[in-house]
Amino acid sequence: MSKSDITTLAISERLSSQLVDLLRHLRHFLAVAEELHFGRAAARLHMSQPPLSQSIRRLERELGVRLFDRDARHVALTDAGRQILTEARGLLAGEDRVRALAGRFRRGEAGSLRAGVPPDLGGRAVAALLPAFRRRSPVELKLREIGTAEQLRALADRSLDVGVLRFPFDVSWLALGPVLTSPLGVLLPQDHPLATAPDVRLADLNGLALVLFPRATAPALHDEVLTTCARHGYTPTEVHQAGNPEFALGLVLAGGAVALHDGVTPPPGVVWRPLRGTPLLWQTSAAWPRDRRTPAVTAFADAVTEVLTAQGMRHAEGTLPRYPRPAAEYLS
Amino acid sequence: MTAARVRAAFADAGVTGTLHAVDLDHPDRELSVGADDPVVLASVFKIPLLVALHHSDHDLTRRTTLDLDRSTGPTGIGGMLDPVTISLRDLAYLAVTVSDNAAADALVDLIGLDAVNDTLDRLRLERTRIVHRARDFMRTMAEDAAPDAPPSALTDPVVLSRLRALDPDQTNRGTARDLTTLLRHVWQHDDCAPIRRAMALQVWPHRLASGFPFDDVRVAGKTGTLPTVRNEIGVVEYPDGGRYAVAVFTRSASTAFTVPRADAVVGTAARLAVEHLRLSGRPPRTR
């Protein structure tokens with residue numbers, strides 16, 4: 001911590017303790033003004049009388065004006081005391097409201113949550129997400145439809161509180177909800193010989209082009225898909241980059257190409273077939289910066305898990321065998 | 001301009017990264033891409049270790065025996081089956097050329113982590129700290145991955161998000177700028193000549209060296225690798241005498257062990273940076 005930080009801290013601590021002191025003295029003043037009796041006021045405040053009298057004297061000194069006329073038998077408000085009493089009631093009610101509001105934020109019952117969802121999440125999932133969140137949290141949910149790369153930037157610059165991200169992405173600064181997977185199949189033209197098979201092996205697709213999302217939108221995922229295709233014996237004759245689902249559909253309908261699809265409401269005019277052994281998966285999870293977990297973030301992550309599971313996504317299962325090469329340097 | 005191209009190259013390879021490059025003979029010519037951001041060093045820590053060793057009073061021809069309780073790894077003595085008796089300077093050679101964890105940890109056990117950090121203090125590299133031996137970050141990875149077991153667990157993003165070994169605050173750390181400053185020292189100081197030799201003999205071709213597929217250009221480097229972490233620091237020397245220290249630290253989105261593009265972009269980014277330094281050193285063209 002730098003020197004200037006320490007100075008700022010000291011000043012703000014002093015200020016805050018003075019403020020709290022004034023409010024405390026005003027609370028004592030309010031009790032005495034209402035009881036017009038130091039003994040009864042002290043009992044109401046659960047304190048003894050001498051510190052209460054001292055507190056009132058300090059408040060009078062602080063304000064530079066007498067608040068009470070006292071003699072051995074009577075306590076009465078002065079003119080100044082009567083008028084200050086009205087203002088003090090307002091201040092103390094304000095303090096109560098400030099503390100109550102802060103408490104609601106602290107418990108995650110107030111404010112809003114800015115959440116990102118991927119464009120291809122689907123209308124039904126978005127529609128289910130709002131009530132699923134509302135059941136779990138009273139804060140307002142502000143949903144934005146943005147892709148994984150943009151969500152990462154928004155989480156980093158704090159314009160987003162939580163996101164729904166498609167893997168892979170750099171997790172080094174994020175906390176993750178449960179990872180959910182949806183197995184991918186392929187969209188084929190209706191007259192393709194494979195369209196009647198119960199499932200399709202990736203290797204059966206040789207000779208066909210592959211329609212995939214534009215590489216620039218998610219380079220790591222793009223490369224992982226092609227690596228997995230190669231691993232399972234499929235090297236596409238060409239990779240068409242289609243940003244728009246309609247364009248992807250057009251390329252499939254024209255013949256000579258397949259597109260990947262999760263099989264949830266496949267478009268009309270083509271046939272969806274699962275891939276044998278589910279070699280390709282979309283993996284999705286809620287994610288938020290590690291140091292910014294709040295009850296609302298937890299509620300959102302739980303709602304995402306509920307909605308996507310209802311939509312057929314599954315919890316990620318055990319991973320494949322992995323054999324690091326010597327260049328990994330740290331594993332033998 | 002060049003910094004933007006480096007960032008674009010990182011993004012295209014599915015990584016985020018930091019870089020610092022500096023002309024060894026004109027240190028005012030430099031390129032920074034997040035050069036002061038804290039990064040995980042991984043095996044790059046073996047260079048500060050060797051600098052401390054070569055400034056120590058140890059007789060580097062002295063022979064020592066590494067028994068079977070030594071650290072393990074896929075390469076060098078770390079992967080061998082029997083006790084090995086070897087000189088300190090050959091341990092240093094193995095620690096750099098094949099990133100031998102057993103050799104490096106034996107040297108740390110000899111000189112101590114404090115000596116390494118004292119050396120860094122003397123070089124005013126206060127943002128670089130060595131707190132772990134190779135076996136320590138292996139141990140924390142196994143502890144943090146539990147109950148899942150390496151190696152498969154180390155490709156699970158949920159496991160990776162809880163590894164201390166990937167958090168600069170909790171493991172060996174530095175900055176790209178600190179590491180090029182260290183390389184400048186290694187390339188200036190006579191005591192460090194054996195480190196220069198070992199870095200030039202490093203076997204890995206896939207990162208820094210891949211960016212300079214030119215037979216007349218020499219690349220000396222030291223890699224650092226952990227799950228999603230692919231680093232290399234080194235010096236690139238051109239036949240016209242140009243010498244450039246480069247430090248590149250990356251984190252990949254993909255958690256796979258084998259990601260050739262992520263390795264190669266370390267070289268691509270370094271070449272963009274070195275080309276920038278070489279152009280900025282050239283006198284303006286006259287008509």
# chains A, B, ... in the order shown; residues from 1 in each chain; ligands from 1

$ residues_around --residues "Pro219 of chain A" --least-positions-apart "2" --cutoff "6 Å" --atoms "only C-alpha atoms" --output "list in words"
Arg215, Ala216, Leu221 and His222 of chain A; Asp12 and Gly14 of chain B

$ residues_around --residues "Arg139 of chain B" --least-positions-apart "3" --cutoff "12 Å" --atoms "only C-alpha atoms" --output "PyMOL selection string"
(chain A and resi 330-331) or (chain B and resi 71-72+132-136+142-146+149-150+163-165+171)

$ write_last_selection --atoms "all heavy atoms" --output "short mmCIF file (atom, residue, chain, number, x, y, z; two decimals), in the first residue's frame"
data_model
loop_
_atom_site.label_atom_id
_atom_site.label_comp_id
_atom_site.auth_asym_id
_atom_site.auth_seq_id
_atom_site.Cartn_x
_atom_site.Cartn_y
_atom_site.Cartn_z
N TYR A 330 6.26 -30.20 -17.61
CA TYR A 330 5.97 -30.34 -16.18
C TYR A 330 5.35 -31.68 -15.84
O TYR A 330 5.13 -31.96 -14.67
CB TYR A 330 5.06 -29.20 -15.71
CG TYR A 330 3.80 -29.10 -16.53
CD1 TYR A 330 2.64 -29.77 -16.17
CD2 TYR A 330 3.79 -28.35 -17.70
CE1 TYR A 330 1.50 -29.69 -16.94
CE2 TYR A 330 2.65 -28.27 -18.48
CZ TYR A 330 1.52 -28.94 -18.09
OH TYR A 330 0.40 -28.87 -18.85
N LEU A 331 4.98 -32.48 -16.83
CA LEU A 331 4.32 -33.75 -16.53
C LEU A 331 5.11 -34.89 -17.15
O LEU A 331 5.61 -34.76 -18.26
CB LEU A 331 2.90 -33.77 -17.11
CG LEU A 331 1.87 -32.97 -16.33
CD1 LEU A 331 0.59 -32.88 -17.14
CD2 LEU A 331 1.60 -33.61 -14.98
N SER B 71 13.59 -34.50 -8.02
CA SER B 71 12.35 -34.09 -8.71
C SER B 71 12.22 -34.85 -10.02
O SER B 71 13.22 -35.30 -10.58
CB SER B 71 12.38 -32.59 -8.99
OG SER B 71 12.53 -31.87 -7.80
N THR B 72 10.98 -34.94 -10.49
CA THR B 72 10.75 -35.68 -11.73
C THR B 72 10.20 -34.75 -12.81
O THR B 72 9.78 -33.63 -12.54
CB THR B 72 9.73 -36.81 -11.52
OG1 THR B 72 8.50 -36.21 -11.06
CG2 THR B 72 10.22 -37.82 -10.52
N HIS B 132 8.86 -20.88 -5.63
CA HIS B 132 8.65 -22.32 -5.76
C HIS B 132 9.77 -22.97 -6.56
O HIS B 132 10.28 -22.38 -7.52
CB HIS B 132 7.34 -22.61 -6.51
CG HIS B 132 6.12 -22.45 -5.67
ND1 HIS B 132 4.88 -22.16 -6.21
CD2 HIS B 132 5.95 -22.54 -4.33
CE1 HIS B 132 4.00 -22.08 -5.23
NE2 HIS B 132 4.62 -22.30 -4.08
N ARG B 133 10.12 -24.20 -6.20
CA ARG B 133 10.91 -25.05 -7.08
C ARG B 133 9.94 -25.75 -8.04
O ARG B 133 8.73 -25.71 -7.83
CB ARG B 133 11.66 -26.10 -6.24
CG ARG B 133 12.62 -25.50 -5.23
CD ARG B 133 12.97 -26.50 -4.17
NE ARG B 133 11.77 -26.88 -3.40
CZ ARG B 133 11.77 -27.73 -2.38
NH1 ARG B 133 12.89 -28.30 -2.00
NH2 ARG B 133 10.65 -28.00 -1.75
N ALA B 134 10.49 -26.42 -9.05
CA ALA B 134 9.62 -27.14 -10.00
C ALA B 134 8.73 -28.12 -9.24
O ALA B 134 7.54 -28.22 -9.48
CB ALA B 134 10.46 -27.85 -11.04
N ARG B 135 9.32 -28.83 -8.27
CA ARG B 135 8.52 -29.84 -7.57
C ARG B 135 7.41 -29.21 -6.73
O ARG B 135 6.40 -29.84 -6.46
CB ARG B 135 9.41 -30.75 -6.73
CG ARG B 135 9.88 -30.20 -5.40
CD ARG B 135 10.43 -31.32 -4.50
NE ARG B 135 11.77 -31.70 -4.89
CZ ARG B 135 12.90 -31.25 -4.30
NH1 ARG B 135 12.83 -30.39 -3.30
NH2 ARG B 135 14.07 -31.65 -4.71
N ASP B 136 7.61 -27.94 -6.32
CA ASP B 136 6.58 -27.27 -5.53
C ASP B 136 5.36 -26.94 -6.39
O ASP B 136 4.23 -27.12 -5.97
CB ASP B 136 7.11 -25.97 -4.90
CG ASP B 136 8.25 -26.25 -3.94
OD1 ASP B 136 8.16 -27.27 -3.21
OD2 ASP B 136 9.22 -25.47 -3.91
N ALA B 142 -1.19 -30.81 -8.05
CA ALA B 142 -1.84 -32.06 -7.66
C ALA B 142 -2.81 -31.80 -6.50
O ALA B 142 -3.94 -32.30 -6.50
CB ALA B 142 -0.80 -33.10 -7.28
N GLU B 143 -2.38 -30.98 -5.52
CA GLU B 143 -3.25 -30.66 -4.37
C GLU B 143 -4.50 -29.93 -4.82
O GLU B 143 -5.61 -30.27 -4.42
CB GLU B 143 -2.50 -29.77 -3.37
CG GLU B 143 -1.44 -30.49 -2.56
CD GLU B 143 -0.58 -29.52 -1.74
OE1 GLU B 143 -0.86 -28.30 -1.76
OE2 GLU B 143 0.37 -30.00 -1.11
N ASP B 144 -4.32 -28.91 -5.69
CA ASP B 144 -5.46 -28.08 -6.09
C ASP B 144 -6.40 -28.83 -7.02
O ASP B 144 -7.58 -28.51 -7.10
CB ASP B 144 -4.97 -26.80 -6.77
CG ASP B 144 -4.16 -25.92 -5.83
OD1 ASP B 144 -4.22 -26.17 -4.60
OD2 ASP B 144 -3.47 -25.01 -6.30
N ALA B 145 -5.88 -29.80 -7.79
CA ALA B 145 -6.72 -30.55 -8.73
C ALA B 145 -7.57 -31.58 -8.00
O ALA B 145 -8.63 -31.97 -8.47
CB ALA B 145 -5.87 -31.24 -9.78
N ALA B 146 -7.10 -32.03 -6.81
CA ALA B 146 -7.80 -33.10 -6.07
C ALA B 146 -9.26 -32.71 -5.88
O ALA B 146 -9.57 -31.54 -5.69
CB ALA B 146 -7.12 -33.30 -4.72
N ALA B 149 -7.49 -36.16 -10.86
CA ALA B 149 -6.07 -36.49 -10.93
C ALA B 149 -5.46 -36.03 -12.25
O ALA B 149 -6.07 -36.16 -13.30
CB ALA B 149 -5.87 -37.99 -10.77
N PRO B 150 -4.23 -35.47 -12.20
CA PRO B 150 -3.51 -35.16 -13.42
C PRO B 150 -3.18 -36.47 -14.16
O PRO B 150 -3.11 -37.49 -13.50
CB PRO B 150 -2.22 -34.50 -12.93
CG PRO B 150 -2.49 -34.12 -11.50
CD PRO B 150 -3.50 -35.08 -10.99
N LEU B 163 -6.23 -23.50 -9.73
CA LEU B 163 -4.81 -23.84 -9.52
C LEU B 163 -4.01 -22.61 -9.07
O LEU B 163 -3.96 -21.61 -9.77
CB LEU B 163 -4.19 -24.39 -10.81
CG LEU B 163 -4.69 -25.72 -11.36
CD1 LEU B 163 -3.80 -26.17 -12.50
CD2 LEU B 163 -4.78 -26.78 -10.28
N ARG B 164 -3.35 -22.75 -7.90
CA ARG B 164 -2.46 -21.68 -7.46
C ARG B 164 -1.31 -21.48 -8.43
O ARG B 164 -0.82 -20.36 -8.62
CB ARG B 164 -1.87 -22.03 -6.08
CG ARG B 164 -2.79 -21.77 -4.91
CD ARG B 164 -2.22 -22.37 -3.64
NE ARG B 164 -2.41 -23.83 -3.63
CZ ARG B 164 -1.85 -24.64 -2.72
NH1 ARG B 164 -1.06 -24.16 -1.79
NH2 ARG B 164 -2.08 -25.94 -2.76
N ALA B 165 -0.88 -22.57 -9.07
CA ALA B 165 0.28 -22.50 -9.97
C ALA B 165 0.02 -21.59 -11.17
O ALA B 165 0.94 -21.22 -11.88
CB ALA B 165 0.66 -23.89 -10.45
N THR B 171 2.67 -17.89 -7.13
CA THR B 171 3.71 -18.77 -7.65
C THR B 171 4.84 -17.91 -8.22
O THR B 171 4.86 -16.70 -8.01
CB THR B 171 3.12 -19.73 -8.71
OG1 THR B 171 4.12 -20.69 -9.07
CG2 THR B 171 2.66 -18.97 -9.94
#

$ residues_around --residues "segment 205-211 of chain B" --least-positions-apart "3" --cutoff "6 Å" --atoms "only C-alpha atoms" --output "list of chain:residue names"
B:Val219, B:Asp263, B:Ala264, B:Val266, B:Gly267, B:Thr268, B:Arg271

$ interface_residues --of "chain A" --to "chain B" --cutoff "6 Å" --atoms "only C-alpha atoms" --output "ChimeraX atom specification"
/A:168-172,219-220,322,324,326,328,330-332

$ write_last_selection --atoms "C-alpha atoms" --output "short mmCIF file (atom, residue, chain, number, x, y, z; two decimals), in the first residue's frame"
data_model
loop_
_atom_site.label_atom_id
_atom_site.label_comp_id
_atom_site.auth_asym_id
_atom_site.auth_seq_id
_atom_site.Cartn_x
_atom_site.Cartn_y
_atom_site.Cartn_z
CA PRO A 168 -12.81 -22.56 -24.47
CA PHE A 169 -11.80 -19.23 -22.94
CA ASP A 170 -9.10 -18.02 -20.56
CA VAL A 171 -10.39 -19.04 -17.11
CA SER A 172 -7.41 -17.74 -15.16
CA PRO A 219 -10.44 -18.91 -33.03
CA ALA A 220 -9.67 -21.44 -30.28
CA ARG A 322 -4.81 -37.18 -22.19
CA PRO A 324 0.97 -34.67 -22.57
CA PRO A 326 7.60 -33.87 -23.40
CA ALA A 328 4.70 -29.89 -21.71
CA TYR A 330 5.97 -30.34 -16.18
CA LEU A 331 4.32 -33.75 -16.53
CA SER A 332 5.94 -37.11 -16.98
#

$ residues_around --residues "Ala286 of chain A" --least-positions-apart "5" --cutoff "9 Å" --atoms "only C-alpha atoms" --output "PyMOL selection string"
chain A and resi 162-166+175-179+300-302+304-305

$ atom_distance --atom1 "atom CA of Pro267 of chain A" --atom2 "atom CA of Ala248 of chain A"
10.6 Å

$ residues_around --residues "Ile233 of chain B" --least-positions-apart "6" --cutoff "10 Å" --atoms "only C-alpha atoms" --output "number ranges by chain"
B: 19-21, 41, 44, 47, 176, 179-180, 182-183, 199, 207-208, 220-224, 245-249, 266, 270

$ select_by_dssp --residues "segment 21-257 of chain B" --states "helix (DSSP H, G or I)" --output "JSON, numbers by chain"
{"B": [42, 43, 44, 45, 46, 47, 48, 49, 50, 51, 52, 53, 54, 76, 77, 78, 79, 88, 89, 90, 91, 92, 93, 94, 95, 96, 97, 101, 102, 103, 104, 105, 106, 107, 108, 109, 110, 111, 113, 114, 115, 116, 117, 118, 119, 120, 121, 122, 134, 135, 136, 137, 138, 139, 140, 141, 142, 143, 144, 145, 152, 153, 154, 155, 157, 158, 159, 160, 164, 165, 166, 168, 169, 170, 176, 177, 178, 179, 180, 181, 182, 183, 184, 185, 186, 187, 188, 190, 191, 192, 193, 194, 195, 196, 197, 198, 199, 200, 208, 209, 210, 211]}

$ atom_distance --atom1 "atom CA of Met1 of chain B" --atom2 "atom CA of Glu232 of chain B"
22.7 Å

$ residues_around --residues "Ala259 of chain A" --least-positions-apart "3" --cutoff "9 Å" --atoms "only C-alpha atoms" --output "list in words"
Gly185, Val186, Leu187, Leu188, Ala209, Leu210, Val211, Leu212, Ala248, Leu249, Leu251 and Val252 of chain A

$ write_last_selection --atoms "all heavy atoms" --output "compact mmCIF listing (two decimals), in the first residue's frame"
# COMPACT_ATOMS: atom_id res chain seq x y z
N GLY A 185 -24.61 -32.73 -33.54
CA GLY A 185 -24.84 -33.61 -34.69
C GLY A 185 -24.61 -32.80 -35.95
O GLY A 185 -24.06 -31.69 -35.89
N VAL A 186 -25.03 -33.35 -37.10
CA VAL A 186 -24.84 -32.62 -38.35
C VAL A 186 -26.18 -32.43 -39.06
O VAL A 186 -27.08 -33.26 -38.94
CB VAL A 186 -23.87 -33.35 -39.30
CG1 VAL A 186 -22.44 -33.20 -38.81
CG2 VAL A 186 -24.23 -34.82 -39.46
N LEU A 187 -26.26 -31.34 -39.78
CA LEU A 187 -27.40 -31.09 -40.67
C LEU A 187 -27.02 -31.57 -42.07
O LEU A 187 -25.96 -31.20 -42.59
CB LEU A 187 -27.74 -29.60 -40.71
CG LEU A 187 -28.15 -28.96 -39.38
CD1 LEU A 187 -28.41 -27.47 -39.58
CD2 LEU A 187 -29.39 -29.65 -38.81
N LEU A 188 -27.87 -32.43 -42.65
CA LEU A 188 -27.61 -33.00 -43.98
C LEU A 188 -28.77 -32.66 -44.90
O LEU A 188 -29.91 -32.52 -44.45
CB LEU A 188 -27.52 -34.53 -43.87
CG LEU A 188 -26.37 -35.13 -43.05
CD1 LEU A 188 -26.72 -36.55 -42.64
CD2 LEU A 188 -25.10 -35.11 -43.88
N ALA A 209 -17.84 -30.64 -47.55
CA ALA A 209 -17.32 -29.43 -46.91
C ALA A 209 -18.00 -29.26 -45.55
O ALA A 209 -19.04 -29.87 -45.28
CB ALA A 209 -17.59 -28.22 -47.80
N LEU A 210 -17.40 -28.45 -44.68
CA LEU A 210 -17.98 -28.20 -43.36
C LEU A 210 -18.35 -26.72 -43.26
O LEU A 210 -17.55 -25.85 -43.58
CB LEU A 210 -16.97 -28.56 -42.27
CG LEU A 210 -17.42 -28.32 -40.82
CD1 LEU A 210 -18.59 -29.22 -40.44
CD2 LEU A 210 -16.26 -28.52 -39.85
N VAL A 211 -19.58 -26.46 -42.79
CA VAL A 211 -19.99 -25.08 -42.55
C VAL A 211 -19.82 -24.81 -41.06
O VAL A 211 -20.36 -25.52 -40.22
CB VAL A 211 -21.47 -24.87 -42.94
CG1 VAL A 211 -21.84 -23.39 -42.80
CG2 VAL A 211 -21.73 -25.36 -44.35
N LEU A 212 -19.03 -23.78 -40.74
CA LEU A 212 -18.69 -23.50 -39.35
C LEU A 212 -18.82 -21.99 -39.13
O LEU A 212 -18.81 -21.22 -40.09
CB LEU A 212 -17.25 -23.96 -39.10
CG LEU A 212 -16.83 -24.36 -37.69
CD1 LEU A 212 -17.76 -25.38 -37.09
CD2 LEU A 212 -15.39 -24.91 -37.71
N ALA A 248 -25.75 -20.66 -43.48
CA ALA A 248 -25.28 -22.02 -43.23
C ALA A 248 -26.29 -23.03 -43.80
O ALA A 248 -25.91 -23.99 -44.49
CB ALA A 248 -25.09 -22.24 -41.73
N LEU A 249 -27.57 -22.76 -43.55
CA LEU A 249 -28.63 -23.65 -44.04
C LEU A 249 -28.62 -23.70 -45.57
O LEU A 249 -28.73 -24.79 -46.18
CB LEU A 249 -29.99 -23.13 -43.53
CG LEU A 249 -31.23 -23.92 -43.93
CD1 LEU A 249 -31.16 -25.33 -43.37
CD2 LEU A 249 -32.49 -23.21 -43.44
N LEU A 251 -26.10 -23.29 -47.58
CA LEU A 251 -24.96 -24.08 -48.07
C LEU A 251 -25.24 -25.58 -47.95
O LEU A 251 -24.83 -26.37 -48.79
CB LEU A 251 -23.69 -23.71 -47.29
CG LEU A 251 -23.13 -22.31 -47.59
CD1 LEU A 251 -22.04 -21.94 -46.60
CD2 LEU A 251 -22.60 -22.23 -49.02
N VAL A 252 -25.95 -25.97 -46.87
CA VAL A 252 -26.29 -27.39 -46.70
C VAL A 252 -27.33 -27.81 -47.75
O VAL A 252 -27.19 -28.85 -48.40
CB VAL A 252 -26.83 -27.65 -45.28
CG1 VAL A 252 -27.33 -29.10 -45.14
CG2 VAL A 252 -25.74 -27.39 -44.24
